[in-house]
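data_26.tsv, holding TSV, C-alpha atoms and all ligand atoms:
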```
chain	number	residue	atom	x	y	z
N	1	MET	CA	-7.94	-4.74	-1.29
N	2	SER	CA	-8.96	-2.48	-4.05
N	3	SER	CA	-9.62	-4.28	-7.31
N	4	LEU	CA	-6.67	-2.32	-8.69
N	5	HIS	CA	-4.26	-4.56	-6.80
N	6	THR	CA	-3.07	-7.63	-8.64
N	7	SER	CA	-1.09	-8.84	-5.63
N	8	TRP	CA	-1.25	-7.60	-2.05
N	9	CYS	CA	-0.33	-8.46	1.54
N	10	GLU	CA	-3.08	-8.46	4.14
N	11	ILE	CA	-1.58	-7.45	7.47
N	12	SER	CA	-3.52	-8.44	10.55
N	13	ALA	CA	-3.17	-5.50	12.92
N	14	SER	CA	-4.83	-7.52	15.68
N	15	ALA	CA	-2.25	-10.32	15.33
N	16	LEU	CA	0.57	-7.76	15.57
N	17	ARG	CA	-1.05	-6.13	18.58
N	18	LYS	CA	-1.58	-9.50	20.31
N	19	ASN	CA	2.01	-10.57	19.70
N	20	ALA	CA	3.22	-7.37	21.32
N	21	GLU	CA	0.90	-8.03	24.27
N	22	THR	CA	2.21	-11.62	24.51
N	23	LEU	CA	5.82	-10.41	24.57
N	24	LYS	CA	5.06	-7.60	26.99
N	25	ALA	CA	3.38	-10.03	29.38
N	26	ARG	CA	6.65	-11.97	29.59
N	27	LEU	CA	8.62	-8.92	30.78
N	28	LYS	CA	9.06	-7.61	34.30
N	29	SER	CA	7.25	-4.35	34.92
N	30	HIS	CA	10.46	-2.26	34.70
N	31	THR	CA	11.52	-3.77	31.36
N	32	LYS	CA	10.62	-1.85	28.22
N	33	LEU	CA	9.34	-3.65	25.16
N	34	GLY	CA	11.38	-2.44	22.20
N	35	VAL	CA	9.97	-3.74	18.93
N	36	VAL	CA	12.11	-3.80	15.80
N	37	VAL	CA	10.32	-2.29	12.80
N	38	LYS	CA	13.31	-2.07	10.47
N	39	SER	CA	13.02	-3.13	6.82
N	40	ASP	CA	9.48	-1.78	6.48
N	41	GLY	CA	8.36	-3.62	9.60
N	42	TYR	CA	9.91	-6.90	8.37
N	43	GLY	CA	7.92	-6.33	5.19
N	44	HIS	CA	4.61	-5.81	7.02
N	45	GLY	CA	4.51	-2.05	6.42
N	46	LEU	CA	6.38	0.33	8.73
N	47	THR	CA	3.53	2.44	10.05
N	48	ILE	CA	0.95	-0.36	10.09
N	49	ALA	CA	3.33	-2.43	12.21
N	50	ALA	CA	4.52	0.40	14.45
N	51	SER	CA	0.97	1.57	15.24
N	52	ALA	CA	-0.24	-1.95	16.01
N	53	PHE	CA	2.74	-2.67	18.29
N	54	LEU	CA	2.24	0.57	20.18
N	55	ARG	CA	-1.40	-0.39	20.75
N	56	GLY	CA	-0.11	-3.72	22.08
N	57	GLY	CA	2.13	-2.04	24.63
N	58	ALA	CA	5.43	-1.52	22.81
N	59	ASP	CA	7.48	1.18	24.53
N	60	TRP	CA	10.22	1.84	21.98
N	61	LEU	CA	10.47	1.39	18.23
N	62	ILE	CA	13.75	0.22	16.74
N	63	VAL	CA	14.68	1.02	13.15
N	64	ASN	CA	17.76	0.39	11.05
N	65	ALA	CA	17.99	3.67	9.16
N	66	ILE	CA	17.24	7.31	9.85
N	67	ASP	CA	14.77	7.43	6.92
N	68	GLU	CA	12.59	5.02	8.85
N	69	ALA	CA	12.63	7.32	11.88
N	70	ILE	CA	11.60	10.22	9.64
N	71	GLN	CA	8.70	8.18	8.23
N	72	LEU	CA	7.51	7.29	11.72
N	73	ARG	CA	7.57	10.94	12.85
N	74	ARG	CA	5.70	11.97	9.66
N	75	ALA	CA	3.05	9.44	10.67
N	76	SER	CA	2.78	11.34	14.00
N	77	ILE	CA	4.28	8.49	16.00
N	78	ALA	CA	5.78	9.99	19.13
N	79	ALA	CA	7.29	6.89	20.81
N	80	PRO	CA	11.04	6.75	21.50
N	81	ILE	CA	12.96	5.60	18.42
N	82	TYR	CA	16.32	3.86	18.51
N	83	VAL	CA	18.30	3.65	15.26
N	84	CYS	CA	20.36	0.45	15.42
N	85	GLY	CA	22.04	0.73	12.01
N	86	TYR	CA	24.62	3.02	10.44
N	87	VAL	CA	23.78	6.70	10.16
N	88	PRO	CA	26.25	8.79	8.14
N	89	GLU	CA	27.39	12.11	9.60
N	90	ALA	CA	25.49	13.94	6.87
N	91	ALA	CA	22.24	12.70	8.45
N	92	PHE	CA	23.04	13.63	12.07
N	93	GLU	CA	20.75	16.67	11.93
N	94	ARG	CA	17.89	14.29	11.14
N	95	VAL	CA	18.72	12.30	14.28
N	96	ILE	CA	18.19	15.44	16.32
N	97	GLU	CA	15.09	16.56	14.41
N	98	THR	CA	13.44	13.17	14.92
N	99	HIS	CA	14.58	12.90	18.57
N	100	SER	CA	16.07	9.53	17.76
N	101	ARG	CA	18.54	7.58	19.83
N	102	LEU	CA	21.68	6.55	18.02
N	103	VAL	CA	24.02	3.60	18.42
N	104	LEU	CA	27.71	4.58	18.52
N	105	PHE	CA	30.66	2.38	17.75
N	106	ASP	CA	33.34	4.89	16.89
N	107	PHE	CA	34.97	7.97	18.32
N	108	ALA	CA	34.76	10.22	15.25
N	109	ALA	CA	30.98	9.79	15.05
N	110	ALA	CA	30.66	10.77	18.73
N	111	LYS	CA	32.61	13.99	18.14
N	112	ALA	CA	30.69	14.88	14.98
N	113	LEU	CA	27.34	14.20	16.64
N	114	SER	CA	28.34	16.32	19.64
N	115	ALA	CA	29.28	19.23	17.39
N	116	ILE	CA	25.98	19.14	15.53
N	117	ALA	CA	23.90	18.65	18.68
N	118	THR	CA	25.66	21.60	20.30
N	119	SER	CA	25.09	23.83	17.28
N	120	MET	CA	21.40	22.89	17.36
N	121	HIS	CA	21.18	23.40	21.16
N	122	ALA	CA	20.01	19.82	21.50
N	123	LYS	CA	20.93	16.74	23.47
N	124	VAL	CA	21.13	13.32	21.81
N	125	ALA	CA	20.83	10.08	23.74
N	126	VAL	CA	23.39	7.56	22.56
N	127	HIS	CA	23.95	3.86	23.07
N	128	ILE	CA	27.36	2.21	22.89
N	129	LYS	CA	27.63	-1.05	21.01
N	130	LEU	CA	29.74	-3.65	22.75
N	131	GLU	CA	31.49	-6.46	20.90
N	132	THR	CA	30.70	-9.77	22.59
N	133	GLY	CA	31.29	-12.25	19.78
N	134	THR	CA	29.19	-11.40	16.73
N	135	ASN	CA	31.83	-9.18	15.12
N	136	ARG	CA	29.39	-6.94	13.40
N	137	GLN	CA	29.14	-3.42	14.90
N	138	GLY	CA	30.71	-3.01	18.29
N	139	LEU	CA	33.78	-2.15	20.34
N	140	GLU	CA	35.86	-4.37	22.57
N	141	LEU	CA	35.36	-3.65	26.26
N	142	GLU	CA	38.30	-1.28	26.83
N	143	GLU	CA	37.46	0.82	23.79
N	144	ALA	CA	33.80	0.84	24.75
N	145	VAL	CA	34.70	2.26	28.17
N	146	GLU	CA	36.92	4.88	26.47
N	147	LEU	CA	34.03	5.83	24.19
N	148	GLY	CA	31.81	6.07	27.27
N	149	LYS	CA	34.25	8.50	28.84
N	150	LEU	CA	34.42	10.52	25.63
N	151	VAL	CA	30.62	10.71	25.47
N	152	ARG	CA	30.55	11.90	29.08
N	153	SER	CA	33.02	14.67	28.26
N	154	LEU	CA	31.28	15.88	25.10
N	155	PRO	CA	28.50	18.47	25.21
N	156	GLY	CA	25.22	17.61	23.53
N	157	LEU	CA	25.51	13.87	24.17
N	158	GLU	CA	24.00	11.78	26.89
N	159	LEU	CA	25.03	8.17	27.50
N	160	GLU	CA	21.81	6.23	27.70
N	161	GLY	CA	22.48	2.66	26.61
N	162	LEU	CA	24.96	-0.14	26.38
N	163	THR	CA	24.03	-2.85	23.92
N	164	THR	CA	25.17	-6.01	22.19
N	165	HIS	CA	23.70	-8.58	19.81
N	166	PHE	CA	23.65	-12.38	19.99
N	167	ALA	CA	25.49	-14.37	17.32
N	168	ASP	CA	23.75	-17.73	17.39
N	169	ILE	CA	21.09	-17.84	20.07
N	170	GLU	CA	18.47	-18.86	17.48
N	171	ASP	CA	20.75	-21.18	15.53
N	172	SER	CA	21.23	-23.87	18.10
N	173	THR	CA	19.66	-25.56	21.08
N	174	ASN	CA	23.11	-25.30	22.69
N	175	HIS	CA	23.30	-21.83	24.19
N	176	ALA	CA	26.84	-21.98	25.56
N	177	PHE	CA	28.10	-19.22	23.24
N	178	ALA	CA	25.10	-17.01	24.03
N	179	LYS	CA	25.85	-17.46	27.72
N	180	LYS	CA	29.45	-16.31	27.12
N	181	GLN	CA	28.06	-13.23	25.38
N	182	ILE	CA	25.78	-12.55	28.36
N	183	GLU	CA	28.78	-12.85	30.71
N	184	ARG	CA	30.81	-10.41	28.59
N	185	PHE	CA	27.92	-7.97	28.58
N	186	ASP	CA	27.49	-8.22	32.36
N	187	ALA	CA	31.23	-7.71	32.84
N	188	ALA	CA	31.06	-4.60	30.66
N	189	LEU	CA	28.16	-3.19	32.66
N	190	LYS	CA	30.28	-3.68	35.76
N	191	SER	CA	33.27	-1.89	34.18
N	192	PHE	CA	31.04	0.99	33.13
N	193	ALA	CA	29.67	1.28	36.68
N	194	GLU	CA	33.18	1.15	38.17
N	195	THR	CA	34.23	3.95	35.83
N	196	GLY	CA	31.29	6.00	37.05
N	197	LEU	CA	29.49	5.71	33.72
N	198	ARG	CA	25.80	5.33	34.34
N	199	VAL	CA	23.89	3.33	31.73
N	200	PRO	CA	20.16	3.63	32.38
N	201	VAL	CA	19.06	1.46	29.43
N	202	PRO	CA	21.18	-1.65	28.86
N	203	HIS	CA	19.71	-4.02	26.25
N	204	LEU	CA	20.72	-7.19	24.44
N	205	ALA	CA	17.75	-9.54	23.95
N	206	ASN	CA	16.48	-10.29	20.46
N	207	SER	CA	13.34	-12.43	19.98
N	208	ALA	CA	14.96	-15.75	20.84
N	209	ALA	CA	16.50	-14.34	24.03
N	210	THR	CA	13.25	-12.57	24.93
N	211	LEU	CA	11.31	-15.84	24.56
N	212	LEU	CA	13.82	-18.20	26.17
N	213	TYR	CA	15.94	-16.25	28.65
N	214	PRO	CA	14.24	-13.82	31.04
N	215	GLU	CA	17.67	-13.08	32.54
N	216	THR	CA	18.60	-11.28	29.28
N	217	HIS	CA	15.67	-8.86	29.42
N	218	ALA	CA	17.61	-6.12	31.25
N	219	ILE	CA	15.93	-2.70	30.95
N	220	MET	CA	14.77	-3.24	27.39
N	221	VAL	CA	14.37	-6.06	24.87
N	222	ARG	CA	14.60	-5.70	21.08
N	223	ALA	CA	12.09	-8.17	19.71
N	224	GLY	CA	11.71	-8.39	15.96
N	225	ILE	CA	10.52	-11.56	14.27
N	226	ALA	CA	8.43	-12.81	17.22
N	227	ALA	CA	6.35	-9.63	17.18
N	228	TYR	CA	5.36	-10.55	13.62
N	229	GLY	CA	4.16	-13.92	14.91
N	230	LEU	CA	7.09	-15.93	13.54
N	231	TRP	CA	9.57	-18.05	15.47
N	232	PRO	CA	13.24	-17.12	15.06
N	233	SER	CA	14.02	-20.75	14.16
N	234	LYS	CA	13.01	-24.37	14.64
N	235	GLU	CA	15.67	-24.59	17.35
N	236	THR	CA	14.11	-21.71	19.29
N	237	TYR	CA	10.67	-23.26	18.95
N	238	ALA	CA	11.98	-26.69	20.03
N	239	THR	CA	13.67	-25.14	23.06
N	240	ALA	CA	10.45	-23.33	23.98
N	241	LEU	CA	8.47	-26.57	23.68
N	242	GLN	CA	11.03	-28.35	25.85
N	243	ARG	CA	10.70	-25.59	28.46
N	244	GLN	CA	6.93	-25.94	28.28
N	245	ALA	CA	7.25	-29.71	28.86
N	246	ASP	CA	9.49	-28.94	31.84
N	247	GLY	CA	6.75	-26.70	33.21
N	248	VAL	CA	8.44	-23.36	32.41
N	249	ASP	CA	6.34	-21.09	30.24
N	250	ALA	CA	8.28	-19.97	27.17
N	251	GLY	CA	5.42	-18.72	25.08
N	252	ALA	CA	5.28	-21.72	22.75
N	253	ALA	CA	2.36	-21.69	20.32
N	254	MET	CA	1.31	-18.22	21.40
N	255	LEU	CA	2.55	-16.21	18.43
N	256	GLU	CA	0.22	-15.40	15.58
N	257	PRO	CA	1.56	-14.79	12.06
N	258	ALA	CA	0.25	-11.49	10.74
N	259	MET	CA	0.89	-11.59	7.00
N	260	THR	CA	-1.14	-13.15	4.19
N	261	TRP	CA	0.07	-12.64	0.62
N	262	ARG	CA	-2.51	-12.99	-2.12
N	263	ALA	CA	-2.80	-12.40	-5.86
N	264	ARG	CA	-5.55	-12.50	-8.40
N	265	ILE	CA	-5.34	-15.11	-11.15
N	266	ALA	CA	-4.84	-13.33	-14.49
N	267	GLN	CA	-5.77	-16.19	-16.79
N	268	VAL	CA	-6.61	-19.89	-16.74
N	269	LYS	CA	-5.78	-21.90	-19.85
N	270	ASN	CA	-6.22	-25.46	-20.97
N	271	VAL	CA	-2.95	-27.06	-21.92
N	272	ALA	CA	-2.67	-30.32	-23.85
N	273	ALA	CA	-0.75	-33.34	-22.60
N	274	GLY	CA	2.94	-33.13	-23.46
N	275	SER	CA	3.05	-29.30	-23.41
N	276	TYR	CA	5.84	-27.29	-21.83
N	277	VAL	CA	5.33	-24.52	-19.27
N	278	GLY	CA	7.54	-21.46	-18.92
N	279	TYR	CA	11.11	-20.43	-19.69
N	280	GLY	CA	13.58	-23.19	-20.31
N	281	ARG	CA	10.69	-25.64	-20.83
N	282	THR	CA	11.51	-27.11	-17.40
N	283	TYR	CA	8.01	-28.50	-16.88
N	284	ARG	CA	6.08	-30.72	-19.24
N	285	THR	CA	2.50	-31.82	-18.70
N	286	SER	CA	1.89	-35.55	-18.68
N	287	ALA	CA	-1.89	-35.15	-19.08
N	288	PRO	CA	-4.24	-32.35	-20.19
N	289	ALA	CA	-3.94	-29.61	-17.55
N	290	ARG	CA	-5.46	-26.29	-16.50
N	291	ILE	CA	-2.70	-23.79	-15.87
N	292	ALA	CA	-3.36	-20.52	-14.02
N	293	VAL	CA	-1.15	-17.51	-14.67
N	294	LEU	CA	-0.44	-15.36	-11.59
N	295	PRO	CA	0.57	-11.71	-12.01
N	296	LEU	CA	3.71	-11.80	-9.87
N	297	GLY	CA	7.22	-13.15	-10.05
N	298	TYR	CA	10.68	-12.75	-8.61
N	299	TYR	CA	10.59	-8.95	-8.96
N	300	GLU	CA	7.66	-8.92	-6.55
N	301	GLY	CA	9.60	-11.20	-4.18
N	302	TYR	CA	8.24	-14.58	-5.27
N	303	ASP	CA	11.68	-16.12	-5.38
N	304	ARG	CA	12.88	-17.85	-8.55
N	305	ARG	CA	13.97	-20.81	-6.41
N	306	LEU	CA	10.25	-21.54	-5.95
N	307	SER	CA	10.16	-22.68	-9.61
N	308	ASN	CA	8.66	-26.18	-9.98
N	309	THR	CA	8.69	-26.48	-6.19
N	310	ALA	CA	6.26	-24.30	-4.25
N	311	HIS	CA	2.49	-24.49	-3.91
N	312	VAL	CA	-0.05	-21.71	-3.73
N	313	LEU	CA	-3.60	-22.09	-2.43
N	314	VAL	CA	-6.60	-21.66	-4.73
N	315	HIS	CA	-10.11	-22.17	-3.33
N	316	GLY	CA	-8.51	-23.81	-0.30
N	317	GLN	CA	-6.53	-26.34	-2.34
N	318	ARG	CA	-2.83	-26.62	-3.04
N	319	ALA	CA	-1.85	-25.71	-6.58
N	320	PRO	CA	1.78	-26.49	-7.48
N	321	VAL	CA	4.00	-24.00	-9.28
N	322	ARG	CA	4.77	-25.28	-12.78
N	323	GLY	CA	7.87	-24.22	-14.66
N	324	ARG	CA	10.15	-21.36	-13.75
N	325	VAL	CA	9.00	-18.29	-11.86
N	326	CYS	CA	9.34	-15.36	-14.31
N	327	MET	CA	10.15	-11.74	-13.46
N	328	ASN	CA	6.50	-10.66	-13.12
N	329	MET	CA	4.50	-13.86	-13.63
N	330	CYS	CA	4.34	-17.45	-12.57
N	331	MET	CA	2.18	-20.42	-13.46
N	332	VAL	CA	0.39	-22.90	-11.19
N	333	ASP	CA	-1.56	-26.09	-11.87
N	334	VAL	CA	-5.27	-25.84	-11.08
N	335	THR	CA	-6.41	-28.92	-13.00
N	336	HIS	CA	-8.01	-30.26	-9.79
N	337	VAL	CA	-9.66	-26.93	-8.85
N	338	PRO	CA	-12.61	-26.51	-11.26
N	339	GLU	CA	-13.73	-23.21	-9.64
N	340	ALA	CA	-10.41	-21.54	-10.46
N	341	ALA	CA	-10.91	-18.79	-13.05
N	342	ALA	CA	-9.49	-15.45	-14.06
N	343	GLY	CA	-10.05	-13.15	-11.07
N	344	SER	CA	-9.94	-15.96	-8.49
N	345	VAL	CA	-7.73	-15.23	-5.51
N	346	ALA	CA	-4.57	-17.28	-4.97
N	347	THR	CA	-2.80	-17.33	-1.59
N	348	LEU	CA	0.98	-17.44	-1.73
N	349	LEU	CA	1.58	-17.13	2.02
N	350	GLY	CA	-0.95	-17.68	4.77
N	351	ARG	CA	-4.27	-19.46	5.10
N	352	ASP	CA	-7.08	-20.28	2.72
N	353	GLY	CA	-9.73	-22.58	4.17
N	354	ASP	CA	-8.09	-25.47	5.99
N	355	GLU	CA	-4.79	-25.11	4.17
N	356	GLU	CA	-1.86	-22.93	5.09
N	357	ILE	CA	1.44	-22.04	3.50
N	358	SER	CA	3.72	-20.80	6.25
N	359	ALA	CA	6.70	-18.47	5.94
N	360	GLU	CA	8.78	-21.42	7.17
N	361	GLN	CA	7.54	-23.65	4.35
N	362	LEU	CA	8.36	-20.98	1.76
N	363	ALA	CA	11.73	-20.47	3.44
N	364	GLY	CA	12.44	-24.19	3.17
N	365	TRP	CA	11.62	-24.20	-0.53
N	366	MET	CA	13.76	-21.10	-1.08
N	367	GLY	CA	16.70	-22.27	1.01
N	368	THR	CA	16.45	-19.35	3.39
N	369	ILE	CA	14.80	-18.22	6.64
N	370	ASN	CA	11.32	-16.86	7.39
N	371	TYR	CA	12.88	-13.41	8.06
N	372	GLU	CA	13.91	-13.14	4.41
N	373	VAL	CA	10.58	-14.45	3.08
N	374	VAL	CA	8.54	-11.66	4.67
N	375	SER	CA	11.06	-8.83	4.40
N	376	ARG	CA	11.82	-9.39	0.71
N	377	ILE	CA	8.29	-9.01	-0.62
N	378	HIS	CA	8.69	-6.00	-2.88
N	379	PRO	CA	7.42	-2.60	-1.69
N	380	SER	CA	5.32	-2.37	-4.89
N	381	VAL	CA	3.06	-5.07	-3.43
N	382	ALA	CA	0.39	-3.19	-1.45
N	383	ARG	CA	0.23	-3.77	2.31
N	384	VAL	CA	-3.39	-3.65	3.39
N	385	GLU	CA	-4.26	-3.47	7.07
N	386	VAL	CA	-7.03	-5.84	8.16
N	387	GLU	CA	-8.34	-6.40	11.70
F	401	LIG	C1	17.09	-7.14	13.72
F	401	LIG	C2	17.64	-6.94	15.06
F	401	LIG	C3	16.97	-7.41	16.20
F	401	LIG	C4	15.75	-8.28	16.14
F	401	LIG	O1	16.09	-9.64	15.97
F	401	LIG	P1	14.92	-10.75	15.94
F	401	LIG	O2	15.65	-12.03	15.83
F	401	LIG	O3	14.09	-10.45	14.73
F	401	LIG	O4	14.16	-10.59	17.18
F	401	LIG	C5	17.48	-7.05	17.44
F	401	LIG	N1	18.59	-6.30	17.54
F	401	LIG	C6	19.27	-5.86	16.48
F	401	LIG	C7	20.50	-5.03	16.68
F	401	LIG	C8	18.83	-6.16	15.21
F	401	LIG	O5	19.52	-5.73	14.13
```
Write the structure described by the file as structure tokens, please.
Ligand SMILES: *Cc1c(COP(=O)(O)O)cnc(C)c1O
Amino acid sequence: MSSLHTSWCEISASALRKNAETLKARLKSHTKLGVVVKSDGYGHGLTIAASAFLRGGADWLIVNAIDEAIQLRRASIAAPIYVCGYVPEAAFERVIETHSRLVLFDFAAAKALSAIATSMHAKVAVHIKLETGTNRQGLELEEAVELGKLVRSLPGLELEGLTTHFADIEDSTNHAFAKKQIERFDAALKSFAETGLRVPVPHLANSAATLLYPETHAIMVRAGIAAYGLWPSKETYATALQRQADGVDAGAAMLEPAMTWRARIAQVKNVAAGSYVGYGRTYRTSAPARIAVLPLGYYEGYDRRLSNTAHVLVHGQRAPVRGRVCMNMCMVDVTHVPEAAAGSVATLLGRDGDEEISAEQLAGWMGTINYEVVSRIHPSVARVEVE
């Protein structure tokens, strides 16, 4: 962390690598570990994350947008890339140039991709998205089979995958709906086979399914949040613990969070009793206080809902946020931390000494999920790889 940085995220490459190893160890030998590195590697830094996962045994990288595939290729990453989000026709050439796999969920895109692939004398591997109950991308079974037939008939395309995505597997300890989705997916695989459509790489498991349901692993899994050392939800963690208690290993307590977010204190000031702190004067001191000003706010991703609620760590002690989080600053109380001074390091997420602020705790304060906490830290905050 160069002294130029006022706020930065330390990314533990060894934690990322170990999480990939942990996930890989849960898979059968013929199952590929696909790791999702969309959204700048869930905020951990795209190439830092991708490189660490590949060292940990990841087989495929999964991105949302073609730009991310381009960035990975520019970083000389040669692993197979699957783009799971929308790619406009105008970017189809980039799909071919980056040797990416594309998800298809409509007929016009298949035809356009075929035309471009043919003109570039290339072959593109495509995956068909099946609707099983999430109603995001995806085609109902009959249409999916029709698209499969179209892909088979078009030059320049090769049907490689059939895929779907769970709606609520991490939201509940009742997995009845997820099981219905698995049944629909299995039925679709059967229909594809009966139509003579070979699908070498079926995949459906996200992190929760990868951790809890080996029967969903198929030929590839698409693990995101777990690879970053975070549990998809309390419910997933509770289910894993229950499995553990029942003597079935579900990887509980084996994931290692990889991100620590820190900032340098810009100023410490003595504030008299009865003084207000911040916009709206929403906090008033009841005794003389020492208030530290941190050089980051909601622009940097320190959510405004953390106002008067969150804690940061300073010299291993909790320092509560006082007043409203501003656009580029926030204030914390360090009255009880005499060592705190301008230049001291504050920890917003992660460990300092015996204390820890987890992504889940921040998520609770913000009214959101750990996924959003890590992926919304602004790109202007430096990501620094540490071992
Ligand atoms: C983001 C995403 C995943 C990963 O989900 P996690 O819960 O983070 O494991 C898997 N598949 C698709 C299609 C996704 O968009």
Output as CSV one row per residue of chain N within 6 Å of ligand LIG 401 (chain F): the closest atom pair and its distance in Å to one decimal place, counting only C-alpha atoms and all ligand atoms, sorted by chain and residue number ascending.
```
residue,atom,partner,partner_atom,distance
N:Val36,CA,F:LIG401,C4,5.8
N:Cys84,CA,F:LIG401,C7,5.6
N:His165,CA,F:LIG401,C7,5.7
N:Asn206,CA,F:LIG401,O4,4.0
N:Ser207,CA,F:LIG401,O4,3.4
N:Arg222,CA,F:LIG401,C5,4.8
N:Ala223,CA,F:LIG401,O4,4.1
N:Gly224,CA,F:LIG401,O3,3.4
N:Ile225,CA,F:LIG401,O3,3.8
N:Pro232,CA,F:LIG401,O2,5.7
```
Next item on the list: Quick one: residues within 10 Å of (0.3, -3.7, 7.9) (file frame), counting only C-alpha atoms, please, as a PyMOL selection string.
Entry: chain N and resi 9-13+16+40-41+43-52+258-259+382-387
Check: If we count all atoms listed in the file, what is near region 370-379 of chain N at a cut-off of 10 Å, once residues fewer than 2 positions away on the same chain are taken out, given as a PyMOL selection string?
Finding: chain N and resi 8-9+38-45+224-225+228+230-233+259-261+298-303+349+358-364+366-368+381-383
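Compared by their closest atoms to Glu158 (chain N), and using all atoms listed in the file, the residues N:Pro200, N:Gly343, N:Gly280, N:Gly133 rank with N:Pro200 nearest.
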Check: With only C-alpha atoms as the basis for distance, which of N:Val37, N:Ile116, N:Ala272, N:Ala122 is at the shortest distance from Ala226 (chain N)?
Finding: N:Val37
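Closest approach to Lys129 (chain N) from the set N:Ala117, N:Ile62, N:Val103, N:Val314 is made by N:Val103, with distances taken over only C-alpha atoms.
Proximity ranking of N:Gln267, N:Gln181, N:Ser114, N:Ser153 relative to Leu130 (chain N) places N:Gln181 first, based on only C-alpha atoms.
CA of His203 (chain N) is positioned 21.0 Å from CA of Ala78 (chain N).
Distance check against Phe107 (chain N) using only C-alpha atoms: of N:Ala144, N:Val277, N:Leu241, N:Ala193, the minimum falls on N:Ala144.
The neighbours of Asn308 (chain N) here are the residues that come within 7 Å of it, using only C-alpha atoms and leaving out any residue fewer than 4 positions away in the same chain; they are Val321, Arg322, Gly323 and Arg324 of chain N.
With only C-alpha atoms as the atoms that count, the minimum distance from Asp168 (chain N) to the choices N:Leu113, N:Ala25, N:Ala79, N:Ala209 is reached by N:Ala209.
Going from CA of Leu157 (chain N) over to CA of Gly85 (chain N), you cover 18.2 Å.
Coordinates place CA of Asp171 (chain N) at a distance of 25.0 Å from CA of Tyr86 (chain N).
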Note to self: If we count only C-alpha atoms and set the cut-off at 10 Å, which residues sit around Phe177 (chain N), ignoring sequence neighbours fewer than 4 positions away in its own chain? Please answer as number ranges by chain.
What the structure shows: N: 132-133, 166-169, 172, 181-183
Check: What's the 10 Å shell around Thr163 (chain N), counting all atoms listed in the file, without same-chain residues fewer than 3 positions away, as a ChimeraX atom specification?
Finding: /N:84,103-104,127-132,138,185,188-189,199,201-205,220
